[in-house]
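Asks: Contents of my_file_20.tsv (TSV, C-alpha atoms and all ligand atoms):
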chain	number	residue	atom	x	y	z
A	1	MET	CA	116.73	119.90	189.93
A	2	THR	CA	115.58	116.44	189.07
A	3	ASP	CA	113.60	114.54	191.62
A	4	ARG	CA	116.30	112.62	193.45
A	5	ARG	CA	113.80	110.58	195.42
A	6	ALA	CA	112.08	109.34	192.27
A	7	GLU	CA	115.44	108.54	190.69
A	8	LEU	CA	116.58	106.52	193.71
A	9	ALA	CA	113.22	104.74	193.91
A	10	ALA	CA	113.43	103.72	190.24
A	11	ASN	CA	117.02	102.52	190.61
A	12	LEU	CA	116.16	100.54	193.74
A	13	ALA	CA	113.25	98.89	191.94
A	14	THR	CA	115.59	97.87	189.12
A	15	VAL	CA	118.16	96.43	191.53
A	16	HIS	CA	115.53	94.55	193.53
A	17	GLY	CA	114.27	93.15	190.22
A	18	ARG	CA	117.78	92.00	189.29
A	19	ILE	CA	118.24	90.33	192.68
A	20	ALA	CA	114.85	88.60	192.41
A	21	ALA	CA	115.62	87.37	188.89
A	22	ALA	CA	119.06	86.11	189.94
A	23	CYS	CA	117.53	84.29	192.92
A	24	ALA	CA	114.87	82.73	190.69
A	25	ASP	CA	117.56	81.56	188.25
A	26	ALA	CA	119.53	80.04	191.11
A	27	GLY	CA	116.48	78.41	192.71
A	28	ARG	CA	116.87	80.59	195.80
A	29	ALA	CA	114.24	82.55	197.72
A	30	PRO	CA	114.39	86.29	196.94
A	31	ASP	CA	114.74	87.15	200.63
A	32	ASP	CA	117.87	84.99	200.80
A	33	VAL	CA	119.87	87.97	199.57
A	34	ARG	CA	120.16	91.23	201.48
A	35	LEU	CA	120.81	94.48	199.66
A	36	VAL	CA	123.51	96.71	201.13
A	37	VAL	CA	123.45	100.07	199.38
A	38	VAL	CA	126.96	101.54	199.15
A	39	THR	CA	126.58	105.27	199.75
A	40	LYS	CA	130.25	106.35	199.62
A	41	PHE	CA	130.75	109.78	197.98
A	42	PHE	CA	127.02	110.54	198.27
A	43	PRO	CA	125.55	112.87	200.89
A	44	SER	CA	123.57	112.06	203.99
A	45	SER	CA	120.50	113.47	202.27
A	46	ASP	CA	120.66	110.48	199.90
A	47	VAL	CA	121.04	108.08	202.84
A	48	ARG	CA	117.93	109.63	204.35
A	49	LEU	CA	115.95	109.20	201.13
A	50	LEU	CA	117.11	105.59	200.86
A	51	ALA	CA	115.91	104.90	204.40
A	52	GLU	CA	112.52	106.39	203.52
A	53	LEU	CA	112.44	104.10	200.50
A	54	GLY	CA	112.90	101.03	202.69
A	55	VAL	CA	116.67	100.50	202.59
A	56	THR	CA	117.85	98.95	205.86
A	57	ASP	CA	121.57	98.43	205.22
A	58	VAL	CA	124.14	100.91	203.95
A	59	GLY	CA	127.85	100.47	203.24
A	60	GLU	CA	130.77	102.88	203.48
A	61	ASN	CA	134.45	102.34	202.73
A	62	ARG	CA	136.25	105.33	204.29
A	63	HIS	CA	136.27	105.90	208.04
A	64	GLN	CA	136.14	109.69	208.08
A	65	GLU	CA	133.22	109.90	205.70
A	66	ALA	CA	131.38	107.01	207.33
A	67	GLU	CA	131.72	108.45	210.84
A	68	VAL	CA	130.22	111.79	209.81
A	69	LYS	CA	127.33	110.24	207.90
A	70	ALA	CA	126.49	107.72	210.60
A	71	ALA	CA	126.31	110.60	213.09
A	72	GLU	CA	124.16	112.71	210.75
A	73	CYS	CA	121.80	109.75	210.29
A	74	ALA	CA	121.83	108.53	213.89
A	75	ASP	CA	118.06	109.05	214.14
A	76	LEU	CA	117.46	106.43	211.42
A	77	SER	CA	117.55	102.78	212.37
A	78	LEU	CA	120.03	101.78	209.68
A	79	THR	CA	122.60	99.02	209.81
A	80	TRP	CA	126.00	100.44	208.83
A	81	HIS	CA	128.44	98.13	207.07
A	82	PHE	CA	132.09	99.09	206.90
A	83	ILE	CA	133.43	97.60	203.66
A	84	GLY	CA	136.73	99.40	203.04
A	85	ALA	CA	140.40	98.97	203.81
A	86	LEU	CA	140.74	99.21	207.56
A	87	GLN	CA	143.68	100.78	209.38
A	88	SER	CA	144.34	99.31	212.80
A	89	ASN	CA	144.46	102.76	214.41
A	90	LYS	CA	140.93	103.48	213.08
A	91	ALA	CA	139.41	100.08	213.79
A	92	ALA	CA	138.17	100.89	217.31
A	93	ALA	CA	136.42	104.02	216.08
A	94	VAL	CA	134.80	102.11	213.20
A	95	ALA	CA	133.37	99.58	215.64
A	96	THR	CA	131.57	102.35	217.52
A	97	TYR	CA	129.21	103.16	214.61
A	98	ALA	CA	129.35	100.15	212.27
A	99	GLN	CA	127.16	97.18	213.19
A	100	VAL	CA	128.88	95.07	210.54
A	101	VAL	CA	132.58	95.20	209.63
A	102	GLU	CA	133.05	93.28	206.39
A	103	SER	CA	136.71	93.94	205.69
A	104	VAL	CA	138.59	92.15	208.47
A	105	ASP	CA	141.66	90.74	206.76
A	106	ARG	CA	144.34	90.45	209.46
A	107	PRO	CA	144.51	89.48	213.14
A	108	LYS	CA	145.89	92.88	214.14
A	109	LEU	CA	142.42	94.41	213.60
A	110	VAL	CA	140.67	92.14	216.08
A	111	ALA	CA	141.73	93.71	219.39
A	112	PRO	CA	140.89	97.31	218.40
A	113	LEU	CA	137.55	96.26	216.89
A	114	ASP	CA	136.69	94.40	220.06
A	115	ALA	CA	137.70	97.43	222.16
A	116	GLY	CA	135.48	99.72	220.06
A	117	ALA	CA	132.56	97.31	220.39
A	118	HIS	CA	133.05	97.22	224.15
A	119	ARG	CA	133.00	101.00	224.26
A	120	ARG	CA	129.57	100.94	222.64
A	121	SER	CA	128.49	97.92	224.73
A	122	HIS	CA	127.20	96.30	221.58
A	123	SER	CA	128.52	93.32	219.67
A	124	VAL	CA	129.73	93.81	216.10
A	125	ASP	CA	129.14	91.38	213.24
A	126	VAL	CA	132.37	90.53	211.45
A	127	LEU	CA	133.06	89.18	207.98
A	128	LEU	CA	136.52	88.04	206.96
A	129	GLN	CA	137.59	89.55	203.67
A	130	VAL	CA	139.20	86.93	201.48
A	131	SER	CA	141.44	87.78	198.55
A	132	LEU	CA	140.40	86.37	195.16
A	133	ASP	CA	143.53	87.65	193.45
A	134	PRO	CA	145.79	85.03	191.89
A	135	PRO	CA	148.84	84.15	194.00
A	136	GLY	CA	151.61	86.67	193.52
A	137	ALA	CA	149.28	89.39	192.24
A	138	ASP	CA	149.76	92.89	193.54
A	139	HIS	CA	146.67	92.36	195.59
A	140	ARG	CA	144.28	95.01	196.74
A	141	ALA	CA	142.84	93.66	199.96
A	142	GLY	CA	141.82	90.50	201.70
A	143	ALA	CA	143.38	87.59	203.51
A	144	GLU	CA	144.81	84.69	201.57
A	145	PRO	CA	142.42	81.71	201.87
A	146	ASP	CA	144.97	79.75	203.91
A	147	ARG	CA	144.98	82.50	206.57
A	148	LEU	CA	141.23	82.34	207.24
A	149	ALA	CA	141.35	79.68	209.94
A	150	ASP	CA	143.74	81.70	212.15
A	151	LEU	CA	141.81	84.89	211.54
A	152	ALA	CA	138.52	83.19	212.41
A	153	ALA	CA	140.02	81.85	215.64
A	154	ALA	CA	141.13	85.36	216.62
A	155	VAL	CA	137.63	86.76	215.98
A	156	ASP	CA	136.00	83.88	217.85
A	157	ALA	CA	138.18	84.62	220.86
A	158	ALA	CA	137.06	88.28	220.99
A	159	GLY	CA	134.13	88.74	223.35
A	160	MET	CA	132.19	91.42	221.48
A	161	LEU	CA	132.74	90.26	217.88
A	162	ARG	CA	130.44	87.78	216.15
A	163	LEU	CA	131.96	85.89	213.25
A	164	ARG	CA	129.28	85.89	210.53
A	165	GLY	CA	131.06	84.80	207.37
A	166	LEU	CA	133.13	85.94	204.43
A	167	MET	CA	133.35	88.90	202.08
A	168	ALA	CA	135.13	89.25	198.75
A	169	VAL	CA	135.55	91.55	195.79
A	170	ALA	CA	136.06	90.08	192.32
A	171	PRO	CA	139.44	91.17	190.89
A	172	LEU	CA	139.05	94.02	188.39
A	173	ASP	CA	140.27	92.18	185.32
A	174	ALA	CA	138.93	88.74	186.22
A	175	ASP	CA	135.90	86.84	184.98
A	176	PRO	CA	133.45	87.24	187.90
A	177	ALA	CA	131.93	83.80	187.29
A	178	GLU	CA	135.36	82.21	187.71
A	179	ALA	CA	136.32	84.38	190.70
A	180	PHE	CA	133.03	83.79	192.55
A	181	GLY	CA	133.25	80.10	191.68
A	182	ARG	CA	136.56	79.98	193.56
A	183	LEU	CA	134.95	81.94	196.38
A	184	ALA	CA	132.16	79.34	196.66
A	185	THR	CA	134.79	76.61	197.12
A	186	ILE	CA	136.68	78.65	199.73
A	187	ARG	CA	133.41	79.21	201.56
A	188	ASP	CA	132.46	75.52	201.50
A	189	ASP	CA	135.80	74.71	203.14
A	190	PHE	CA	135.35	77.52	205.67
A	191	LEU	CA	131.83	76.37	206.62
A	192	VAL	CA	133.16	72.96	207.70
A	193	GLY	CA	134.90	74.60	210.65
A	194	HIS	CA	132.44	77.49	211.09
A	195	PRO	CA	128.97	76.23	210.18
A	196	ASP	CA	127.27	79.24	211.77
A	197	ALA	CA	129.29	81.79	209.79
A	198	ALA	CA	127.16	81.47	206.68
A	199	TRP	CA	127.00	85.04	205.43
A	200	LEU	CA	128.67	85.68	202.09
A	201	SER	CA	129.04	89.28	200.95
A	202	ALA	CA	129.89	89.34	197.27
A	203	GLY	CA	128.64	91.09	194.18
A	204	MET	CA	128.54	94.74	193.16
A	205	SER	CA	126.56	96.67	190.53
A	206	ALA	CA	128.23	94.97	187.58
A	207	ASP	CA	128.38	91.39	188.82
A	208	LEU	CA	125.60	90.77	191.36
A	209	GLU	CA	124.00	88.01	189.23
A	210	HIS	CA	127.21	85.94	189.30
A	211	ALA	CA	127.51	86.43	193.06
A	212	VAL	CA	123.91	85.39	193.77
A	213	LYS	CA	124.40	82.30	191.62
A	214	MET	CA	127.47	81.38	193.69
A	215	GLY	CA	125.67	81.77	197.01
A	216	ALA	CA	126.00	85.40	198.09
A	217	THR	CA	123.75	86.36	201.01
A	218	HIS	CA	124.65	90.06	200.81
A	219	VAL	CA	125.28	92.17	197.71
A	220	ARG	CA	126.97	95.58	197.96
A	221	ILE	CA	125.46	97.89	195.37
A	222	GLY	CA	126.60	101.47	194.82
A	223	SER	CA	126.39	102.97	191.34
A	224	ALA	CA	123.33	100.99	190.19
A	225	VAL	CA	121.33	102.72	192.93
A	226	LEU	CA	123.01	106.10	193.38
A	227	GLY	CA	124.46	106.74	189.93
A	228	SER	CA	128.11	107.03	189.00
A	229	ARG	CA	130.44	108.37	191.65
A	230	PRO	CA	132.38	111.56	191.14
A	231	ARG	CA	135.90	110.66	189.99
A	232	VAL	CA	137.98	111.81	192.93
A	233	LYS	CA	141.55	110.58	193.47
B	1	LIG	C1	132.33	100.85	196.10
B	1	LIG	C2	132.21	99.44	196.54
B	1	LIG	C3	131.09	98.65	196.16
B	1	LIG	C4	129.99	99.15	195.24
B	1	LIG	O1	130.45	99.22	193.92
B	1	LIG	P1	129.46	99.53	192.68
B	1	LIG	O2	130.19	99.00	191.52
B	1	LIG	O3	129.28	100.99	192.65
B	1	LIG	O4	128.19	98.80	192.94
B	1	LIG	C5	131.04	97.36	196.64
B	1	LIG	N1	132.00	96.85	197.45
B	1	LIG	C6	133.07	97.56	197.83
B	1	LIG	C7	134.09	96.94	198.71
B	1	LIG	C8	133.21	98.88	197.39
B	1	LIG	O5	134.28	99.60	197.78
The structure given in the file should be rewritten as C-alpha cells.
Replies:
Amino acid sequence: MTDRRAELAANLATVHGRIAAACADAGRAPDDVRLVVVTKFFPSSDVRLLAELGVTDVGENRHQEAEVKAAECADLSLTWHFIGALQSNKAAAVATYAQVVESVDRPKLVAPLDAGAHRRSHSVDVLLQVSLDPPGADHRAGAEPDRLADLAAAVDAAGMLRLRGLMAVAPLDADPAEAFGRLATIRDDFLVGHPDAAWLSAGMSADLEHAVKMGATHVRIGSAVLGSRPRVK
C-alpha cells in the first residue's frame, strides 16, 4: 500500500501552491481564498488524514454519504459544506450536519433548511447557487440570475440561515474564463443589494485559477487533492 498520507500531503501542497500563485497573479492576498476539499466517493479515513494535514473545510454532494461521514468524523472540528443537488425532503437533515449549504437554488428549500438548523440550534451559512448555463440550455443546477433577489429575500427572512453569497459551477463545455467572467458581473449586481453576502464559491480542480482571478473566495477541489474518483453511475 502506498502511503496515503504522504500522497494527500503532496497534493495539498500543490493545490495550495496553485491558489497562492493565482492570488499573486490577481493581486489578492493568499488567505483571501479558502480551500474546500471535496471528499465525495472517498472514505472517512481520508477525511481524517486531511484534517490532520490542516484541512478545515470539506465538501460533499450526496446527502446519504455526507451524513454518514459527518457522523464518523464528528470528533474532528471540520466545517462541512453541502455542495450537491438538494432535495427538499432531505434539506432539513442536511442542515443538521452541514455548517454551510452552498447549493440553495429555489425558495422551497428555505423552510426545511431553517427547520433543520433550528433542530441543531445552530445557524447555517447559505450560498445561492446560480446557473451559468446559457438560457434554454438543459441546465444542471442553479437559479437563473434573475431569480436571485427573491431567493435572497427568502433566506434573509429565515431566522437560522445566514446569507453569505453565491456559488456556481462552470458549464462542462464552456470556457471557464468566460463563464466566471459572467459570474463576476452577476455577483457585482448581487452585492449592491446584499453587500454583506460577499462569499463566492467557484472553481474546481481544472479551473481554480480562472475562478480566483474572477474573485472566488472559496474553491472546491476534489480530484487534485484526492485523486480521480471511481467512475460510478
Ligand atoms: C465534485 C465537485 C467538485 C470538485 O470537482 P473536482 O473537479 O474533482 O475538483 C466541485 N464542486 C462540485 C459542485 C462538485 O460536485
Asks: Work out how far apart CA of Thr96 in chain A and CA of Val155 in chain A are and give it in Å to one decimal.
Replies: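 Interatomic distance here is 16.8 Å.
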Asks: Taking only C-alpha atoms and all ligand atoms into account, name the residue in A:Ser121, A:Thr79, A:Ser223, A:Ser228 that is nearest to ligand LIG 1 (chain B).
Replies: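 Distance minimum relative to ligand LIG 1 (chain B) lands on A:Ser223.
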Asks: Counting only C-alpha atoms, which residue out of A:Leu132, A:Val219, A:Leu86, A:Ala93 sits closest to Ala184 in chain A?
Replies: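 Of A:Leu132, A:Val219, A:Leu86, A:Ala93, the one nearest Ala184 in chain A is A:Leu132, counting only C-alpha atoms.
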Asks: Counting only C-alpha atoms and all ligand atoms, figure out which residue out of A:Ala179, A:Ala20, A:Leu200, A:Ala168 gets nearest to ligand LIG 1 (chain B).
Replies: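 Closest candidate: A:Ala168.
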Asks: Please check which residues have atoms at most 10 Å from (132.8, 97.6, 205.3) in the file's coordinates, counting only C-alpha atoms, and write them as a PyMOL selection string.
Replies: chain A and resi 38+58-63+66+80-86+94+98-104+126-127+129+167+220
Asks: May I ask for the distance between CA of Asp105 in chain A and atom N1 of ligand LIG 1 (chain B), given in Å to one decimal place?
Replies: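 Rounded to one decimal, the two atoms are 14.7 Å apart.
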Asks: Provide range 50-61 of chain A rebuilt to all heavy atoms, formatted as an mmCIF file, in the frame of the given file.
Replies:
data_model
loop_
_atom_site.group_PDB
_atom_site.id
_atom_site.type_symbol
_atom_site.label_atom_id
_atom_site.label_comp_id
_atom_site.auth_asym_id
_atom_site.auth_seq_id
_atom_site.Cartn_x
_atom_site.Cartn_y
_atom_site.Cartn_z
ATOM 1 N N LEU A 50 117.068 107.056 200.987
ATOM 2 C CA LEU A 50 117.110 105.590 200.860
ATOM 3 C C LEU A 50 116.383 104.929 202.037
ATOM 4 O O LEU A 50 115.636 103.962 201.844
ATOM 5 C CB LEU A 50 118.558 105.103 200.793
ATOM 6 C CG LEU A 50 119.317 105.464 199.503
ATOM 7 C CD1 LEU A 50 120.814 105.197 199.667
ATOM 8 C CD2 LEU A 50 118.760 104.676 198.311
ATOM 9 N N ALA A 51 116.588 105.468 203.226
ATOM 10 C CA ALA A 51 115.910 104.900 204.400
ATOM 11 C C ALA A 51 114.396 105.042 204.248
ATOM 12 O O ALA A 51 113.641 104.103 204.534
ATOM 13 C CB ALA A 51 116.402 105.581 205.672
ATOM 14 N N GLU A 52 113.960 106.196 203.761
ATOM 15 C CA GLU A 52 112.520 106.390 203.520
ATOM 16 C C GLU A 52 111.983 105.401 202.507
ATOM 17 O O GLU A 52 110.829 104.989 202.561
ATOM 18 C CB GLU A 52 112.256 107.804 202.974
ATOM 19 C CG GLU A 52 112.317 108.900 204.012
ATOM 20 C CD GLU A 52 112.205 110.296 203.367
ATOM 21 O OE1 GLU A 52 111.604 110.412 202.267
ATOM 22 O OE2 GLU A 52 112.745 111.242 203.955
ATOM 23 N N LEU A 53 112.853 105.022 201.563
ATOM 24 C CA LEU A 53 112.440 104.100 200.500
ATOM 25 C C LEU A 53 112.589 102.638 200.921
ATOM 26 O O LEU A 53 112.454 101.738 200.102
ATOM 27 C CB LEU A 53 113.252 104.379 199.225
ATOM 28 C CG LEU A 53 112.964 105.743 198.574
ATOM 29 C CD1 LEU A 53 114.035 106.095 197.535
ATOM 30 C CD2 LEU A 53 111.576 105.743 197.926
ATOM 31 N N GLY A 54 112.909 102.403 202.185
ATOM 32 C CA GLY A 54 112.900 101.030 202.690
ATOM 33 C C GLY A 54 114.258 100.364 202.797
ATOM 34 O O GLY A 54 114.342 99.200 203.193
ATOM 35 N N VAL A 55 115.330 101.087 202.453
ATOM 36 C CA VAL A 55 116.670 100.500 202.590
ATOM 37 C C VAL A 55 116.998 100.364 204.075
ATOM 38 O O VAL A 55 116.757 101.279 204.863
ATOM 39 C CB VAL A 55 117.722 101.380 201.865
ATOM 40 C CG1 VAL A 55 119.142 100.972 202.225
ATOM 41 C CG2 VAL A 55 117.499 101.311 200.353
ATOM 42 N N THR A 56 117.527 99.203 204.449
ATOM 43 C CA THR A 56 117.850 98.950 205.860
ATOM 44 C C THR A 56 119.358 98.907 206.120
ATOM 45 O O THR A 56 119.796 99.074 207.248
ATOM 46 C CB THR A 56 117.284 97.581 206.293
ATOM 47 O OG1 THR A 56 117.794 96.577 205.395
ATOM 48 C CG2 THR A 56 115.765 97.578 206.247
ATOM 49 N N ASP A 57 120.138 98.641 205.065
ATOM 50 C CA ASP A 57 121.570 98.430 205.220
ATOM 51 C C ASP A 57 122.336 99.331 204.258
ATOM 52 O O ASP A 57 122.041 99.348 203.061
ATOM 53 C CB ASP A 57 121.942 96.970 204.913
ATOM 54 C CG ASP A 57 121.421 96.008 205.959
ATOM 55 O OD1 ASP A 57 120.190 95.806 206.005
ATOM 56 O OD2 ASP A 57 122.237 95.441 206.716
ATOM 57 N N VAL A 58 123.311 100.066 204.796
ATOM 58 C CA VAL A 58 124.140 100.910 203.950
ATOM 59 C C VAL A 58 125.613 100.578 204.183
ATOM 60 O O VAL A 58 125.999 100.145 205.273
ATOM 61 C CB VAL A 58 123.878 102.418 204.181
ATOM 62 C CG1 VAL A 58 122.479 102.805 203.713
ATOM 63 C CG2 VAL A 58 124.067 102.800 205.636
ATOM 64 N N GLY A 59 126.429 100.797 203.152
ATOM 65 C CA GLY A 59 127.850 100.470 203.240
ATOM 66 C C GLY A 59 128.705 101.687 202.953
ATOM 67 O O GLY A 59 128.363 102.514 202.097
ATOM 68 N N GLU A 60 129.811 101.792 203.667
ATOM 69 C CA GLU A 60 130.770 102.880 203.480
ATOM 70 C C GLU A 60 132.168 102.298 203.508
ATOM 71 O O GLU A 60 132.421 101.320 204.216
ATOM 72 C CB GLU A 60 130.636 103.916 204.603
ATOM 73 C CG GLU A 60 129.374 104.773 204.527
ATOM 74 C CD GLU A 60 129.442 105.869 203.464
ATOM 75 O OE1 GLU A 60 130.570 106.286 203.100
ATOM 76 O OE2 GLU A 60 128.374 106.306 203.006
ATOM 77 N N ASN A 61 133.105 102.930 202.773
ATOM 78 C CA ASN A 61 134.450 102.340 202.730
ATOM 79 C C ASN A 61 135.550 103.242 203.275
ATOM 80 O O ASN A 61 136.710 102.846 203.260
ATOM 81 C CB ASN A 61 134.798 101.906 201.304
ATOM 82 C CG ASN A 61 135.080 103.069 200.393
ATOM 83 O OD1 ASN A 61 134.578 104.175 200.631
ATOM 84 N ND2 ASN A 61 135.863 102.850 199.359
#
